[in-house]
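One structure below.
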Amino acid sequence: MTDTTVDGRGEGRARHRARSPLIHPGPLPALLTAALAGAVAGTAALGQGALLPAVVVLQAVTAAGWFRLNGMWPARQGIALAFAGGLAADAALLLAPEDRVPHAMMGALGGWFLLVLLLQLRHRGSAEERLDSLTATAAATLLTVVAAAHLAAAGVDGATVVTAALGVAAAALARSVPGPAALGVVLGLLAGAGAGAAAGAAGWGAGGAAGWAVAAGAAGGCCALAGLRTASYDFPSRFVHFTAGVALPLTAAAPAVYPLAHAAA
């Protein structure tokens, strides 16, 4: 007769897997997100050079968090490759003329995607493992490059970066308040818009207009909620929550910040 006995750890894992895979990162990662967003907001007003260290930290945490969120750990080579892609995008956009910044970022992304494909040829695992590795590395590279859009936006209109980052911080903190998920989403959206309104009242209205500050804050808050939702797709893992749960809200806001900065300018 086949032994079907399950030890205590197996039973715990079975019960664990039977629960919802959506587990919000919680208040401590939200505080770290707020701190990182505060660093972005505080340095964006001083220019791209001052903002660069905060963006680099964001890119490093994003790369590590994405691999862990996908159940891949350790993945040092993939994390290093994705992070290096973000650094290449940073350098490209800082060196490119203002009207060529999007082209510089796309060029860095395209070049790194080619490098990712070439390195996957050395993968010795099964076809399924190679596909998982390829998709995770490509997605992590895309996210770290996209995070550089904060840096690009600061070169166009720093006030937009400030207000959007404040919106991210406010939304992340509001969403971490215990209660129904729907209530947390509503509070997050209101908090993001409120942070933008406060920034506008303080004279940080994007493009000099308080209305643009509210729009930037609300956009940052909305993107932060999307990032938190993505980081919640995992069974409880402190490492996921303290990497992807910290970085993705701010990284997700980057694609919205750049066009908003151009519109404000």
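Simple scheme: letters A, B, ... for chains in structure tokens order, numbers from 1 for residues in each chain, numbers from 1 for ligands in the order shown.
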
> Quick one: residues within 9 Å of range 57-61 of chain A, only C-alpha atoms counted, chain neighbours fewer than 2 positions away excluded, as a PyMOL selection string?
Replying inline: chain A and resi 36+52-55+63-66+79-80+82-83+86-87+143-145+147-148+242-244+246-248+250-251

> Which parts of range 28-255 of chain A does DSSP call alpha helix (DSSP H) when run on the backbone here, written out as a PyMOL selection string?
Replying inline: chain A and resi 28-44+48-69+76-95+101-120+127-147+149-154+158-175+181-199+210-231+238-241+244-255

> Could you pull the residues within 7 Å of Ala153 in chain A, counting only C-alpha atoms, minus those fewer than 4 positions along the same chain, as a list in words?
Replying inline: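 With the cut-off at 7 Å, the set is Ala149, Asp157, Gly158, Val161, Val257, Tyr258 and Ala261 of chain A.
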
> Which of these, A:Ala159, A:Val240, A:Leu189, A:Ala30, has the shortest distance to Met72 in chain A once you count only C-alpha atoms?
Replying inline: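 Under the stated criterion, the closest residue is A:Val240.
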
>> List as a list in words the protein and nucleic acid residues near Pro102 in chain A, meaning an atom at most 12 Å away when only C-alpha atoms are counted, but skip any in the same chain fewer than 6 places from it.
In response: Ala89, Asp90, Ala92, Leu93, Leu94, Ala96, Ala108, Leu109, Val145, Val146, Ala148, Ala149, Leu151, Ala152, Ala153, Pro255, Tyr258, Pro259 and His262 of chain A

> Smallest atom-to-atom distance to Ala226 in chain A: which of A:Leu134, A:Ala253, A:Ala197, A:Ala37, using only C-alpha atoms?
Replying inline: A:Ala253
